[in-house]
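> My questions all concern the structure below.
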Protein chains: 2
Amino acid sequence: MSDTFSQTAIRVGLVQMSCGDDRAANLQKALNRTRQAAEQGAEVICLPELFQSRYFCQTEDTSIFEWAEPVPGPATAVFEELAAELDVTVIISLFERRAPGLYHNTAAVIDGREGYIGKYRKMHIPDDPKYYEKFYFTPGDLGFKSFETSRGDLGVLVCWDQWYPEAARLTALRGAEVLFYPTAIGWHPYEQEELGQQQHDAWEVAQRAHAIANGCYVVAVNRVGFEPTPGEEEGGIEFWGQSFVVAPDGSIVARASADEEEVLVVTLDRAQISELRVGWPFFRDRRIDAYEKINQRFIDAEK
Amino acid sequence: MSDTFSQTAIRVGLVQMSCGDDRAANLQKALNRTRQAAEQGAEVICLPELFQSRYFCQTEDTSIFEWAEPVPGPATAVFEELAAELDVTVIISLFERRAPGLYHNTAAVIDGREGYIGKYRKMHIPDDPKYYEKFYFTPGDLGFKSFETSRGDLGVLVCWDQWYPEAARLTALRGAEVLFYPTAIGWHPYEQEELGQQQHDAWEVAQRAHAIANGCYVVAVNRVGFEPTPGEEEGGIEFWGQSFVVAPDGSIVARASADEEEVLVVTLDRAQISELRVGWPFFRDRRIDAYEKINQRFIDAEK
């Protein structure tokens, strides 16, 4: 735990925003909303996944790779300036160009006047119709990370990682008090009526369970609004919004709307982490002698 | 997967019961309710944790060890006879005497006319006020298991295991289509008003998340009713009841009452398992190259 653990609260800011075709406008909006969150008292501000552009993984298009940038690079430089001015910690999701032909879905952490302190590369990469992420992103090779910041130990994971209890566990074992998930999740319009509520429930439940199992806070920051699929007349993704904050007991303490941009500022009581972990001592009883085969793809019967 | 995977449904029976001081009466009730569940169409019937006695872990009492029995032993013999007669699969939770001074909290699986086919020894052992299980039970040493039965591949875990995503994952990786959790969970009367709802929510959420993350069914079978603490005038545990069944999408498909004994029979559609796992392909993208440190107690910063 970092030296600031004795601070009693962390005020987090969730920037739920829509993203359009004008990338410079998206970036400017993100900077403005970061400032707004700080003005509302936020100390740690998280932006949604890949907020500088529309969610480009709806199609496979080689020209999009031109949008990628080094991390640290131009975007971290701009946010470093703002974070220093406001003295806030910022978590930004970026399309990272690491080398020609090698790209990642990366989140950078910028810690106030310290500037850029490190990055996490999304470990679990999805691939579903209109979420063609395996085309764009190589799975991360930095492992699961918690960042010691001036505001506390902050874990950063990205979107699809949300579905993996291993990712949450390993990040919490590294000391994270809060797990941040920049996210871009939505409905296919044709699925929304039949499966929408159930999918959204599952999304919340999976992340509430990370908070419970690990006795930490969870902060999910989603984009909002409809983005049409390029080249299609009707298709697209209706992003859910509904960014939320979960307490260590699994209760949802704040949730943004489903259809509006929103800056949500929430105070996290750090004392709840140690209270919950003493009251529900799950870490005490883990069977670390018996988890080895979690490294297997499947445990096939011997035949 | 067992040869019966092509069957489209598994009808599970949850016996939610109260348990009193008369151990012979508890056993007889469990046998009667098993028969009742079979008459209602259940093919796989699960009893609550340690149903042959009141929840004796409320105190530490050496005389209680006399209640333990070998597994297989007298209780499995009685249930083998009934399971063969009814041609049902039964999961029973037992206080296992393995050797003098060596006891486990064990679940046995009895598969119709095949009889006893194996056991699981509770891996995660709690210890909280009035849940002094570490006094009675040595943590299991059989690892996480799925049992190939005539009705399907059935995972068995016990109560406190519910809080560990590793346990659910490892059992599912062994092929389990359904995770059964015989359980004895309740409120301290003094906590119920303040924390009751939140604790119960967390309990459901944690297990719903196991179903989601692993694309399988979850069946939790709890005891019900108030059991006073021996030697105390007021204290005791109010067991929650509310045994429930979760579908692979995380939705609760059936839930028993909070204060009544109940035999709940629910049909599980096995096709939902493969449908969900194709639609939400979480198994496909697990980072088995990066989970190794889950075997650590905590990942301390290098200092």
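Residue numbering restarts at 1 in every chain; chains get A, B, ... in the order shown in the structure tokens, and ligands count up from 1 in that same order.
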Looking only at the backbone, which of the residues in range 69-219 of chain A does DSSP tag as strand (DSSP E), as a PyMOL selection string?

chain A and resi 89-99+102-111+116-121+146-149+152-156+178-183+186-187+217-219

> Next, dump the selected residues to file, keeping only C-alpha atoms, as an mmCIF file, in the first residue's frame.


```cif
data_model
loop_
_atom_site.group_PDB
_atom_site.id
_atom_site.type_symbol
_atom_site.label_atom_id
_atom_site.label_comp_id
_atom_site.auth_asym_id
_atom_site.auth_seq_id
_atom_site.Cartn_x
_atom_site.Cartn_y
_atom_site.Cartn_z
ATOM 1 C CA THR A 89 -4.558 11.670 -11.216
ATOM 2 C CA VAL A 90 -5.901 10.714 -14.638
ATOM 3 C CA ILE A 91 -6.442 7.312 -16.280
ATOM 4 C CA ILE A 92 -6.679 7.470 -20.079
ATOM 5 C CA SER A 93 -7.279 4.692 -22.586
ATOM 6 C CA LEU A 94 -5.198 4.847 -25.766
ATOM 7 C CA PHE A 95 -4.591 3.045 -29.056
ATOM 8 C CA GLU A 96 -0.891 2.335 -28.619
ATOM 9 C CA ARG A 97 1.553 1.993 -31.501
ATOM 10 C CA ARG A 98 4.473 0.039 -30.118
ATOM 11 C CA ALA A 99 6.227 -0.868 -33.357
ATOM 12 C CA LEU A 102 2.371 -4.111 -33.220
ATOM 13 C CA TYR A 103 -0.441 -2.303 -31.467
ATOM 14 C CA HIS A 104 -2.088 -2.494 -28.056
ATOM 15 C CA ASN A 105 -5.203 -1.299 -26.243
ATOM 16 C CA THR A 106 -3.418 0.547 -23.473
ATOM 17 C CA ALA A 107 -4.326 2.598 -20.431
ATOM 18 C CA ALA A 108 -1.905 5.236 -19.153
ATOM 19 C CA VAL A 109 -1.767 6.612 -15.621
ATOM 20 C CA ILE A 110 -0.796 10.235 -15.073
ATOM 21 C CA ASP A 111 -0.301 11.233 -11.476
ATOM 22 C CA TYR A 116 3.058 9.849 -16.583
ATOM 23 C CA ILE A 117 3.865 6.975 -14.218
ATOM 24 C CA GLY A 118 3.084 3.885 -16.261
ATOM 25 C CA LYS A 119 0.731 1.917 -18.449
ATOM 26 C CA TYR A 120 -1.330 -1.246 -18.540
ATOM 27 C CA ARG A 121 -1.879 -3.122 -21.778
ATOM 28 C CA SER A 146 -1.498 -1.757 -9.585
ATOM 29 C CA PHE A 147 -0.102 1.775 -9.673
ATOM 30 C CA GLU A 148 1.104 3.508 -6.524
ATOM 31 C CA THR A 149 -0.188 7.025 -6.971
ATOM 32 C CA GLY A 152 -3.727 5.513 -3.444
ATOM 33 C CA ASP A 153 -3.019 2.187 -5.085
ATOM 34 C CA LEU A 154 -5.024 2.078 -8.277
ATOM 35 C CA GLY A 155 -5.558 -0.999 -10.419
ATOM 36 C CA VAL A 156 -6.304 -0.494 -14.093
ATOM 37 C CA VAL A 178 -9.749 0.488 -6.581
ATOM 38 C CA LEU A 179 -10.106 -1.361 -9.877
ATOM 39 C CA PHE A 180 -10.755 1.018 -12.787
ATOM 40 C CA TYR A 181 -12.291 -0.344 -15.979
ATOM 41 C CA PRO A 182 -12.374 2.069 -18.950
ATOM 42 C CA THR A 183 -15.008 0.437 -21.118
ATOM 43 C CA GLY A 186 -23.106 -1.635 -25.834
ATOM 44 C CA TRP A 187 -25.922 -3.451 -27.542
ATOM 45 C CA TYR A 217 -13.809 -0.672 -4.968
ATOM 46 C CA VAL A 218 -14.650 -1.099 -8.640
ATOM 47 C CA VAL A 219 -15.145 1.837 -11.024
#
```

> Residues of chain A that have any atom at most 8 Å from an atom of chain B: could you tabulate them with the shortest-distance atom pair and the distance in Å to one decimal, using only C-alpha atoms, ordered by chain and increasing number, as a Markdown table?


```
| residue | atom | partner | partner_atom | distance |
| --- | --- | --- | --- | --- |
| A:Met123 | CA | B:Arg287 | CA | 7.1 |
| A:His124 | CA | B:Asp285 | CA | 6.0 |
| A:Ile125 | CA | B:Asp285 | CA | 6.8 |
| A:Pro126 | CA | B:Asp285 | CA | 7.2 |
| A:Gly143 | CA | B:Ala290 | CA | 6.3 |
| A:Trp163 | CA | B:Ala213 | CA | 6.1 |
| A:Tyr164 | CA | B:Ala213 | CA | 6.7 |
| A:Pro165 | CA | B:Pro165 | CA | 6.3 |
| A:Glu166 | CA | B:Tyr291 | CA | 6.8 |
| A:Arg169 | CA | B:Ile294 | CA | 7.4 |
| A:Leu170 | CA | B:Ile294 | CA | 6.1 |
| A:Leu173 | CA | B:Phe298 | CA | 4.9 |
| A:Arg174 | CA | B:Ile299 | CA | 4.9 |
| A:Gly175 | CA | B:Ile299 | CA | 7.5 |
| A:Gln198 | CA | B:Ser251 | CA | 7.2 |
| A:Gln199 | CA | B:Asp249 | CA | 7.7 |
| A:Asp201 | CA | B:Gly250 | CA | 7.9 |
| A:Ala202 | CA | B:Gly250 | CA | 5.8 |
| A:Val205 | CA | B:Val205 | CA | 5.9 |
| A:Ala206 | CA | B:Ala209 | CA | 4.9 |
| A:Arg208 | CA | B:Val205 | CA | 7.1 |
| A:Ala209 | CA | B:Ala206 | CA | 5.0 |
| A:Ile212 | CA | B:Ala202 | CA | 6.9 |
| A:Ala213 | CA | B:Trp163 | CA | 6.2 |
| A:Asp249 | CA | B:Ala202 | CA | 6.7 |
| A:Gly250 | CA | B:Ala202 | CA | 5.8 |
| A:Ser251 | CA | B:Gln198 | CA | 7.2 |
| A:Phe282 | CA | B:Trp163 | CA | 7.1 |
| A:Phe283 | CA | B:Arg297 | CA | 7.6 |
| A:Asp285 | CA | B:His124 | CA | 6.0 |
| A:Arg286 | CA | B:His124 | CA | 6.8 |
| A:Arg287 | CA | B:His124 | CA | 6.8 |
| A:Ile288 | CA | B:Asn295 | CA | 4.6 |
| A:Asp289 | CA | B:Asn295 | CA | 6.8 |
| A:Ala290 | CA | B:Gly143 | CA | 6.3 |
| A:Tyr291 | CA | B:Asn295 | CA | 6.0 |
| A:Glu292 | CA | B:Asn295 | CA | 6.5 |
| A:Lys293 | CA | B:Leu170 | CA | 7.1 |
| A:Ile294 | CA | B:Leu170 | CA | 6.2 |
| A:Asn295 | CA | B:Ile288 | CA | 4.6 |
| A:Gln296 | CA | B:Ile288 | CA | 6.1 |
| A:Arg297 | CA | B:Ile288 | CA | 6.6 |
| A:Phe298 | CA | B:Leu173 | CA | 4.9 |
| A:Ile299 | CA | B:Arg174 | CA | 4.9 |
| A:Asp300 | CA | B:Arg174 | CA | 6.4 |
| A:Ala301 | CA | B:Arg174 | CA | 7.3 |
```

> Find the residues around Asp259 in chain B up to 12 Å (only C-alpha atoms counted), leave out those fewer than 2 positions away in its own chain, and share them as a PyMOL selection string.

chain B and resi 16-18+186+222-226+238-243+256-257+261-262

> With N, CA and C atoms retained, export the selected residues as an mmCIF file, in the first residue's frame.


```cif
data_model
loop_
_atom_site.group_PDB
_atom_site.id
_atom_site.type_symbol
_atom_site.label_atom_id
_atom_site.label_comp_id
_atom_site.auth_asym_id
_atom_site.auth_seq_id
_atom_site.Cartn_x
_atom_site.Cartn_y
_atom_site.Cartn_z
ATOM 1 N N GLN B 16 -34.392 -27.599 0.786
ATOM 2 C CA GLN B 16 -34.138 -26.579 1.813
ATOM 3 C C GLN B 16 -34.851 -27.039 3.081
ATOM 4 N N MET B 17 -34.079 -27.301 4.134
ATOM 5 C CA MET B 17 -34.689 -27.844 5.351
ATOM 6 C C MET B 17 -34.090 -27.216 6.596
ATOM 7 N N SER B 18 -34.849 -27.312 7.683
ATOM 8 C CA SER B 18 -34.328 -26.936 8.988
ATOM 9 C C SER B 18 -33.811 -28.202 9.666
ATOM 10 N N GLY B 186 -26.268 -17.858 7.454
ATOM 11 C CA GLY B 186 -27.351 -17.125 8.103
ATOM 12 C C GLY B 186 -26.840 -15.850 8.734
ATOM 13 N N ASN B 222 -29.451 -24.133 0.843
ATOM 14 C CA ASN B 222 -29.195 -23.619 2.195
ATOM 15 C C ASN B 222 -30.153 -24.252 3.206
ATOM 16 N N ARG B 223 -29.749 -24.236 4.474
ATOM 17 C CA ARG B 223 -30.709 -24.608 5.514
ATOM 18 C C ARG B 223 -31.521 -23.380 5.892
ATOM 19 N N VAL B 224 -32.555 -23.588 6.686
ATOM 20 C CA VAL B 224 -33.472 -22.505 7.027
ATOM 21 C C VAL B 224 -33.849 -22.617 8.499
ATOM 22 N N GLY B 225 -34.258 -21.509 9.099
ATOM 23 C CA GLY B 225 -34.726 -21.539 10.490
ATOM 24 C C GLY B 225 -33.679 -21.028 11.464
ATOM 25 N N PHE B 226 -34.136 -20.762 12.689
ATOM 26 C CA PHE B 226 -33.259 -20.244 13.736
ATOM 27 C C PHE B 226 -32.698 -21.394 14.570
ATOM 28 N N GLU B 238 -29.840 -17.211 12.388
ATOM 29 C CA GLU B 238 -31.070 -17.277 11.597
ATOM 30 C C GLU B 238 -30.652 -17.635 10.175
ATOM 31 N N PHE B 239 -30.806 -18.890 9.825
ATOM 32 C CA PHE B 239 -30.375 -19.296 8.485
ATOM 33 C C PHE B 239 -31.304 -18.706 7.432
ATOM 34 N N TRP B 240 -30.689 -18.331 6.303
ATOM 35 C CA TRP B 240 -31.376 -17.519 5.303
ATOM 36 C C TRP B 240 -32.400 -18.259 4.450
ATOM 37 N N GLY B 241 -32.269 -19.586 4.372
ATOM 38 C CA GLY B 241 -33.043 -20.242 3.313
ATOM 39 C C GLY B 241 -32.657 -19.634 1.975
ATOM 40 N N GLN B 242 -33.660 -19.336 1.154
ATOM 41 C CA GLN B 242 -33.445 -18.664 -0.138
ATOM 42 C C GLN B 242 -32.464 -19.408 -1.038
ATOM 43 N N SER B 243 -32.506 -20.728 -0.919
ATOM 44 C CA SER B 243 -31.780 -21.572 -1.873
ATOM 45 C C SER B 243 -32.147 -21.129 -3.283
ATOM 46 N N ALA B 256 -36.006 -20.191 -3.338
ATOM 47 C CA ALA B 256 -36.911 -20.652 -2.284
ATOM 48 C C ALA B 256 -37.166 -19.523 -1.294
ATOM 49 N N SER B 257 -38.090 -19.735 -0.396
ATOM 50 C CA SER B 257 -38.467 -18.711 0.579
ATOM 51 C C SER B 257 -37.381 -18.533 1.640
ATOM 52 N N GLU B 261 -39.345 -24.427 5.048
ATOM 53 C CA GLU B 261 -38.763 -25.591 4.397
ATOM 54 C C GLU B 261 -39.411 -25.730 3.021
ATOM 55 N N GLU B 262 -38.648 -26.242 2.081
ATOM 56 C CA GLU B 262 -39.154 -26.251 0.709
ATOM 57 C C GLU B 262 -38.390 -27.289 -0.116
#
```

> Excluding Arg23 in chain A and any residue of its chain fewer than 3 positions from it, enumerate the residues within 8 Å of it, using only C-alpha atoms, and give them as a list in words.

Gly20, Asn26, Leu27, Gln52, Ser53 and Arg54 of chain A

> Please save all heavy atoms of the selected residues as a tab-separated table (two decimals), in the first residue's frame.


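File produced: part_3.tsv:
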```tsv
chain	number	residue	atom	x	y	z
A	20	GLY	N	-17.40	11.01	-31.28
A	20	GLY	CA	-17.84	11.14	-32.66
A	20	GLY	C	-16.70	10.96	-33.65
A	20	GLY	O	-15.62	10.48	-33.31
A	26	ASN	N	-13.15	15.03	-29.87
A	26	ASN	CA	-13.26	14.06	-28.77
A	26	ASN	C	-12.21	14.34	-27.70
A	26	ASN	O	-12.50	14.31	-26.49
A	26	ASN	CB	-13.07	12.63	-29.28
A	26	ASN	CG	-14.16	12.20	-30.26
A	26	ASN	OD1	-15.31	12.64	-30.14
A	26	ASN	ND2	-13.79	11.36	-31.22
A	27	LEU	N	-10.97	14.58	-28.17
A	27	LEU	CA	-9.90	14.84	-27.22
A	27	LEU	C	-10.19	16.10	-26.41
A	27	LEU	O	-10.03	16.12	-25.18
A	27	LEU	CB	-8.56	14.97	-27.97
A	27	LEU	CG	-7.35	15.35	-27.11
A	27	LEU	CD1	-7.12	14.32	-26.00
A	27	LEU	CD2	-6.09	15.46	-27.98
A	52	GLN	N	-10.71	8.84	-27.75
A	52	GLN	CA	-10.30	9.82	-28.77
A	52	GLN	C	-10.97	9.61	-30.11
A	52	GLN	O	-10.84	10.45	-31.01
A	52	GLN	CB	-8.78	9.78	-28.97
A	52	GLN	CG	-8.01	10.41	-27.82
A	52	GLN	CD	-6.54	10.56	-28.16
A	52	GLN	OE1	-6.13	11.55	-28.73
A	52	GLN	NE2	-5.76	9.56	-27.81
A	53	SER	N	-11.65	8.48	-30.27
A	53	SER	CA	-12.28	8.20	-31.56
A	53	SER	C	-13.59	7.47	-31.34
A	53	SER	O	-13.87	7.00	-30.24
A	53	SER	CB	-11.36	7.33	-32.43
A	53	SER	OG	-11.13	6.09	-31.78
A	54	ARG	N	-14.40	7.42	-32.41
A	54	ARG	CA	-15.50	6.46	-32.37
A	54	ARG	C	-14.90	5.07	-32.13
A	54	ARG	O	-13.70	4.86	-32.31
A	54	ARG	CB	-16.29	6.52	-33.67
A	54	ARG	CG	-15.47	6.18	-34.91
A	54	ARG	CD	-16.34	6.22	-36.17
A	54	ARG	NE	-15.51	6.11	-37.37
A	54	ARG	CZ	-14.95	4.98	-37.82
A	54	ARG	NH1	-15.13	3.85	-37.18
A	54	ARG	NH2	-14.19	4.99	-38.90
```

> Could you please determine the separation between CA of Gly236 in chain B and CA of Lys130 in chain B in Å, to one decimal place?

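Result for CA of Gly236 in chain B versus CA of Lys130 in chain B: 7.8 Å, one decimal.
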
> Can you tell me how far CA of Pro189 in chain B sits from CA of Leu157 in chain B, in Å to one decimal?

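Here the two named atoms are 26.7 Å from each other.
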
> Using only C-alpha atoms, find each residue in range 128-213 of chain A having at least one atom no more than 6 Å away from range 57-65 of chain A; report its shortest atom-to-atom pair and that distance in Å (one decimal), rows by chain then rising number, as a Markdown table.


```
| residue | atom | partner | partner_atom | distance |
| --- | --- | --- | --- | --- |
| A:Lys130 | CA | A:Gln58 | CA | 3.9 |
| A:Tyr131 | CA | A:Cys57 | CA | 5.2 |
| A:Tyr132 | CA | A:Cys57 | CA | 5.0 |
| A:Glu133 | CA | A:Cys57 | CA | 5.7 |
```

> Selection from above, C-alpha atoms, as a PDB file, in the first residue's frame, can you write it?


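Generated output (selection.pdb):
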```
ATOM      1  CA  LYS A 130     -18.651  -5.437 -34.359  1.00  0.00           C
ATOM      2  CA  TYR A 131     -15.992  -5.853 -31.660  1.00  0.00           C
ATOM      3  CA  TYR A 132     -13.135  -6.974 -33.907  1.00  0.00           C
ATOM      4  CA  GLU A 133     -10.458  -6.162 -31.391  1.00  0.00           C
TER       5      GLU A 133
END
```

> Would you please extract all helix (DSSP H, G or I) residues from range 68-154 of chain A, as assigned by DSSP on the backbone, and give them as a list in words?

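Selecting the helix (DSSP H, G or I) positions of range 68-154 of chain A gives Pro74, Ala75, Thr76, Ala77, Val78, Phe79, Glu80, Glu81, Leu82, Ala83, Ala84, Glu85, Leu86, Gly112, Arg113, Glu114, Glu133, Lys134, Phe135 and Tyr136 of chain A.
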
> My list of candidates is B:Pro129, B:Gly112, B:Gly215, B:Pro228. Which is closest to Val44 in chain B when distances are computed with only C-alpha atoms?

B:Gly112

> In Å, rounded to a single decimal, give me how far CA of Ala176 in chain B is from CA of Ile273 in chain B.

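CA of Ile273 in chain B sits 10.4 Å away from CA of Ala176 in chain B.
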
> Determine the nearest neighbour of Ala42 in chain B from the options B:Thr76, B:Gln7, B:Thr267, B:Gln192, counting only C-alpha atoms.

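Closest candidate: B:Thr267.
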
> Show me, as an MDAnalysis selection string, the residues that have an atom within 6 Å of Phe244 in chain A when counting only C-alpha atoms, minus same-chain residues fewer than 3 positions from it.

chainID A and resid 219:220 254:255

> Show which residues sit within 9 Å of Ala9 in chain A, as a PyMOL selection string. Count only C-alpha atoms, and ignore same-chain residues fewer than 2 positions away.

chain A and resi 6-7+11+151+267-271

> Excluding Arg35 in chain A and any residue of its chain fewer than 6 positions from it, enumerate the residues within 9 Å of it, using only C-alpha atoms, and give them as a ChimeraX atom specification.

/A:82-83,86

> Between B:Glu191, B:Cys19, B:Glu177, B:Glu227, which is the closest to Gln272 in chain B once you count only C-alpha atoms?

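Distance minimum relative to Gln272 in chain B lands on B:Glu177.
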